[in-house]
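Participant: Attaching a single structure in structure tokens format; questions to follow.
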Amino acid sequence: MAIVTIYRDSQCEWVDVEAPTAEDLTFLHERYAINNLLLEDTLDPNHLPKYEEDGDVKFFLLRESTELERKNLNSISDISTKIGIFLLDKTIITIHRMKTKSLTETKKQLSSLTTETTVKDIALRIALLIMKSFDDESVSLLETMDNIENEIFLKNTNHTNQIRRLYKLKRKSGLNSRVLTVSTDAIDKFKLLGLQDSEVSDLKDKHKDVVADFDHLNIQVTNLIGMFLALSDQKANQVMKVLAVYSVYFLPITFIAGVYGMNFDNMPELHQKNGYFFTLGLMALVVICTFIYARRKQW
């Protein structure tokens, strides 16, 4: 069985379930009288955050940001993992499919306590650390964006892999924003646990700060993608300008060379002694006139 008791005192008991099986959920249903529908919600890897009550059971389904690198960023499970939190009278049950930093760190915090705690205090600690995981992710993504920005504007690089990195950054930022936006209602429901107003306000403030960070990141990434594409267009225009300049100079003299390269019998210039030098001079004159005209037009 994957069911273990992480913490226990006279006030509360913390039961943790990692990668639950059907037998584990059956045991929890029979032992703690938890609704099977709520237990099944913990198995869906893409389930959105929510809060529900069923009798004396309070159920929080939250999502924690993960550091796993996914090739395809299509769903919220690619950037986060869910944590189900069941609160009973003196028992808190956490269900998750993989190891998470928030639960590991909460366990360390409880091991250093000198006083007894409560289930609502444990739930609050987990929620605060979940918000911290998103805060750490936003800092990491901002650093990545700054590095890409420096490469584009300071190092003057314009490789195709940069647009891929920007796209990946935008996808991750957007998915994190979606998770945090949907989590608003569940975070607000922590006031139902009877916590102090300052504790609930601290959790809400951290949630709002992280939401604001990802909103800022989304705007910055969108602007950076626009500037990257603008720079790419500018460089393409510079290349076309150079090619156009060469065409302006060489097209007339290529035309002259083509005319005299036809070698018709009735071309009197072919029999002139200095015809070759006259033709070269005409070509040089055309180039000089073109250069003067372009300078006056400030091309």
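We name chains A, B, ... following the order of the structure tokens; residues begin at 1 in each chain, and ligands are numbered from 1 as shown.
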Any idea what's packed within 8 Å of A:Glu116, counting only C-alpha atoms, ignoring anything in its chain fewer than 4 positions away? Could you give it as a PDB file with all heavy atoms, in the first residue's frame?

Facilitator:
ATOM      1  N   ASP A   9      -0.100  13.636  16.220  1.00  0.00           N
ATOM      2  CA  ASP A   9      -0.043  14.072  17.610  1.00  0.00           C
ATOM      3  C   ASP A   9      -1.447  13.963  18.181  1.00  0.00           C
ATOM      4  O   ASP A   9      -2.344  13.378  17.553  1.00  0.00           O
ATOM      5  CB  ASP A   9       0.540  15.498  17.728  1.00  0.00           C
ATOM      6  CG  ASP A   9      -0.276  16.534  16.962  1.00  0.00           C
ATOM      7  OD1 ASP A   9      -1.497  16.327  16.785  1.00  0.00           O
ATOM      8  OD2 ASP A   9       0.307  17.551  16.526  1.00  0.00           O
ATOM      9  N   SER A  10      -1.661  14.531  19.351  1.00  0.00           N
ATOM     10  CA  SER A  10      -2.974  14.406  19.992  1.00  0.00           C
ATOM     11  C   SER A  10      -4.037  15.235  19.296  1.00  0.00           C
ATOM     12  O   SER A  10      -5.234  15.013  19.504  1.00  0.00           O
ATOM     13  CB  SER A  10      -2.872  14.819  21.463  1.00  0.00           C
ATOM     14  OG  SER A  10      -2.472  16.191  21.568  1.00  0.00           O
ATOM     15  N   GLN A  11      -3.607  16.211  18.449  1.00  0.00           N
ATOM     16  CA  GLN A  11      -4.543  17.111  17.786  1.00  0.00           C
ATOM     17  C   GLN A  11      -4.898  16.683  16.366  1.00  0.00           C
ATOM     18  O   GLN A  11      -5.984  16.980  15.887  1.00  0.00           O
ATOM     19  CB  GLN A  11      -3.972  18.534  17.762  1.00  0.00           C
ATOM     20  CG  GLN A  11      -3.758  19.147  19.126  1.00  0.00           C
ATOM     21  CD  GLN A  11      -5.066  19.374  19.861  1.00  0.00           C
ATOM     22  OE1 GLN A  11      -6.072  19.729  19.269  1.00  0.00           O
ATOM     23  NE2 GLN A  11      -5.031  19.159  21.173  1.00  0.00           N
TER      24      GLN A  11
END

Participant: Wanna dump the stretch 51-118 of chain A-stretch 182-204 of chain A contacts at 9 Å for me, each residue with its shortest atom pair and the distance in Å to one decimal, counting only C-alpha atoms, ordered by chain and number, as a Markdown table?

Facilitator:
| residue | atom | partner | partner_atom | distance |
| --- | --- | --- | --- | --- |
| A:Tyr51 | CA | A:Ala186 | CA | 5.1 |
| A:Glu52 | CA | A:Ala186 | CA | 8.8 |
| A:Lys58 | CA | A:Leu193 | CA | 8.9 |
| A:Phe60 | CA | A:Ala186 | CA | 6.7 |
| A:Leu61 | CA | A:Ala186 | CA | 7.7 |
| A:Leu62 | CA | A:Ser183 | CA | 7.0 |
| A:Arg63 | CA | A:Ser183 | CA | 8.1 |

Participant: Could you dump the residues just selected with N, CA, C and O atoms as a short mmCIF file (atom, residue, chain, number, x, y, z; two decimals), in the first residue's frame?

Facilitator:
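New file result-v9.cif:
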data_model
loop_
_atom_site.label_atom_id
_atom_site.label_comp_id
_atom_site.auth_asym_id
_atom_site.auth_seq_id
_atom_site.Cartn_x
_atom_site.Cartn_y
_atom_site.Cartn_z
N TYR A 51 -12.80 23.26 -4.90
CA TYR A 51 -13.11 22.99 -3.50
C TYR A 51 -14.51 22.41 -3.42
O TYR A 51 -15.44 22.90 -4.08
N GLU A 52 -14.68 21.34 -2.60
CA GLU A 52 -15.99 20.74 -2.40
C GLU A 52 -16.13 20.31 -0.94
O GLU A 52 -15.14 20.04 -0.25
N LYS A 58 -14.02 18.14 3.97
CA LYS A 58 -13.70 19.29 3.12
C LYS A 58 -12.59 18.84 2.16
O LYS A 58 -11.58 18.29 2.59
N PHE A 60 -10.01 19.91 -0.94
CA PHE A 60 -9.29 20.88 -1.78
C PHE A 60 -8.51 20.09 -2.84
O PHE A 60 -7.77 19.16 -2.50
N LEU A 61 -8.68 20.48 -4.09
CA LEU A 61 -7.85 19.93 -5.15
C LEU A 61 -7.01 21.07 -5.72
O LEU A 61 -7.53 21.98 -6.39
N LEU A 62 -5.73 21.07 -5.41
CA LEU A 62 -4.82 22.12 -5.85
C LEU A 62 -3.79 21.54 -6.80
O LEU A 62 -3.63 20.32 -6.91
N ARG A 63 -3.10 22.42 -7.50
CA ARG A 63 -2.05 22.00 -8.44
C ARG A 63 -0.76 22.72 -8.10
O ARG A 63 -0.76 23.93 -7.83
#

Participant: Might you pull out every residue within 10 Å of A:Gln220, with only C-alpha atoms counted and same-chain residues fewer than 4 positions away left off, and present them as number ranges by chain?

Facilitator: A: 142, 145-146, 170, 214-216, 224-226

Participant: Mind checking which residues fall within 12 Å of A:Arg125, counting only C-alpha atoms, ignoring those fewer than 5 positions away in the same chain, and posting them as a list of chain:residue names?

Facilitator: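 My reading of the contact set: A:Ile85, A:Lys101, A:Ser102, A:Leu103, A:Thr104, A:Glu105, A:Thr106, A:Lys107, A:Lys108, A:Gln109, A:Leu110, A:Thr117, A:Thr118, A:Val119, A:Lys120, A:Ile130, A:Met131, A:Lys132, A:Phe190, A:Leu195, A:Glu199, A:Val200, A:Asp202, A:Leu203.
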
Participant: Need to verify the contact set: A:Tyr249, 10 Å, only C-alpha atoms, exclusion of same-chain residues closer than 2 positions in sequence. Can you return it as a PyMOL selection string?

Facilitator: chain A and resi 244-247+251-254+283-284+286-291

Participant: Go through A:Arg97, A:Ser80, A:Ile122, A:Ala230 and flag the residue nearest A:Ile152, using only C-alpha atoms for the distances.

Facilitator: A:Ala230

Participant: Find the distance between atom CA of A:Thr94 and atom CA of A:Asp16 and write it in Å to one decimal.

Facilitator: 4.8 Å

Participant: I want to know what sits within 9 Å of A:His96, based on only C-alpha atoms, with residues of the same chain fewer than 3 positions away left out; could you give that as a list of chain:residue names?

Facilitator: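 So the residues in contact are A:Asp16, A:Val17, A:Glu18, A:Ala19, A:Pro20, A:Thr42, A:Leu43, A:Thr81, A:Lys82, A:Ile83, A:Gly84, A:Lys99, A:Thr100.
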
Participant: Those residues you just picked out, can you put them in a file as a PDB file, in the first residue's frame with N, CA and C atoms?

Facilitator:
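Generated file (out_33.pdb):
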ATOM      1  N   ASP A  16      -0.710  10.305   4.086  1.00  0.00           N
ATOM      2  CA  ASP A  16      -0.309  10.654   2.723  1.00  0.00           C
ATOM      3  C   ASP A  16      -0.398   9.425   1.830  1.00  0.00           C
ATOM      4  N   VAL A  17      -0.892   9.649   0.606  1.00  0.00           N
ATOM      5  CA  VAL A  17      -1.030   8.574  -0.380  1.00  0.00           C
ATOM      6  C   VAL A  17      -0.373   9.022  -1.671  1.00  0.00           C
ATOM      7  N   GLU A  18       0.680   8.337  -2.083  1.00  0.00           N
ATOM      8  CA  GLU A  18       1.379   8.659  -3.328  1.00  0.00           C
ATOM      9  C   GLU A  18       1.086   7.606  -4.376  1.00  0.00           C
ATOM     10  N   ALA A  19       0.741   8.063  -5.583  1.00  0.00           N
ATOM     11  CA  ALA A  19       0.395   7.176  -6.701  1.00  0.00           C
ATOM     12  C   ALA A  19      -0.631   6.140  -6.259  1.00  0.00           C
ATOM     13  N   PRO A  20      -1.821   6.570  -5.880  1.00  0.00           N
ATOM     14  CA  PRO A  20      -2.811   5.641  -5.317  1.00  0.00           C
ATOM     15  C   PRO A  20      -3.307   4.620  -6.333  1.00  0.00           C
ATOM     16  N   THR A  42      -9.105  12.702  -7.773  1.00  0.00           N
ATOM     17  CA  THR A  42      -7.660  12.744  -7.550  1.00  0.00           C
ATOM     18  C   THR A  42      -6.898  11.907  -8.567  1.00  0.00           C
ATOM     19  N   LEU A  43      -7.614  11.083  -9.355  1.00  0.00           N
ATOM     20  CA  LEU A  43      -6.947  10.235 -10.351  1.00  0.00           C
ATOM     21  C   LEU A  43      -6.811  10.918 -11.700  1.00  0.00           C
ATOM     22  N   THR A  81       1.292  19.375 -11.242  1.00  0.00           N
ATOM     23  CA  THR A  81       0.759  18.108 -10.753  1.00  0.00           C
ATOM     24  C   THR A  81      -0.266  18.398  -9.663  1.00  0.00           C
ATOM     25  N   LYS A  82      -1.276  17.576  -9.570  1.00  0.00           N
ATOM     26  CA  LYS A  82      -2.370  17.857  -8.635  1.00  0.00           C
ATOM     27  C   LYS A  82      -2.083  17.257  -7.262  1.00  0.00           C
ATOM     28  N   ILE A  83      -2.655  17.905  -6.244  1.00  0.00           N
ATOM     29  CA  ILE A  83      -2.586  17.419  -4.869  1.00  0.00           C
ATOM     30  C   ILE A  83      -3.986  17.508  -4.288  1.00  0.00           C
ATOM     31  N   GLY A  84      -4.538  16.362  -3.930  1.00  0.00           N
ATOM     32  CA  GLY A  84      -5.838  16.327  -3.283  1.00  0.00           C
ATOM     33  C   GLY A  84      -5.667  16.373  -1.775  1.00  0.00           C
ATOM     34  N   LYS A  99       6.067  12.666  -6.279  1.00  0.00           N
ATOM     35  CA  LYS A  99       6.636  13.430  -5.170  1.00  0.00           C
ATOM     36  C   LYS A  99       6.552  14.919  -5.483  1.00  0.00           C
ATOM     37  N   THR A 100       6.237  15.701  -4.471  1.00  0.00           N
ATOM     38  CA  THR A 100       6.098  17.143  -4.641  1.00  0.00           C
ATOM     39  C   THR A 100       6.917  17.874  -3.591  1.00  0.00           C
TER      40      THR A 100
END

Participant: Using only C-alpha atoms, which residue out of A:Leu38, A:Met227, A:Leu282, A:Leu87 lies closest to A:Phe153?

Facilitator: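 Closest candidate: A:Met227.
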
Participant: Quote the spacing between atom CA of A:Asp89 and atom CA of A:Cys12 in Å to one decimal place.

Facilitator: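 Distance reported for this atom pair: 8.3 Å.
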
Participant: Could you write out, as a ChimeraX atom specification, all the residues of stretch 17-71 of chain A that DSSP marks as helix (DSSP H, G or I)?

Facilitator: /A:22-32,36-41

Participant: Rounded to one decimal, what separation in Å do you get between atom CA of A:Asp136 and atom CA of A:Asp78?

Facilitator: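 Separation between atom CA of A:Asp136 and atom CA of A:Asp78: 16.6 Å.
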
Participant: For A:Ile3, which residue among A:Lys50, A:Asp135, A:Phe86, A:Ile95 is the nearest when counting only C-alpha atoms?

Facilitator: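 Selected residue with least distance to A:Ile3: A:Ile95.
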
Participant: Would you mind writing down, as a list in words, each residue of stretch 68-159 of chain A that DSSP on the backbone assigns to strand (DSSP E)?

Facilitator: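 So the strand (DSSP E) residues in stretch 68-159 of chain A would be Ser80, Thr81, Lys82, Ile83, Gly84, Ile85, Phe86, Leu87, Thr91, Ile92, Ile93, Thr94, Ile95 and His96 of chain A.
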
Participant: Quick one: of A:Glu143, A:Arg171, A:Asn274, A:Val57, who's nearest to A:His29, counting only C-alpha atoms?

Facilitator: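 Nearest candidate to A:His29 out of A:Glu143, A:Arg171, A:Asn274, A:Val57: A:Val57.
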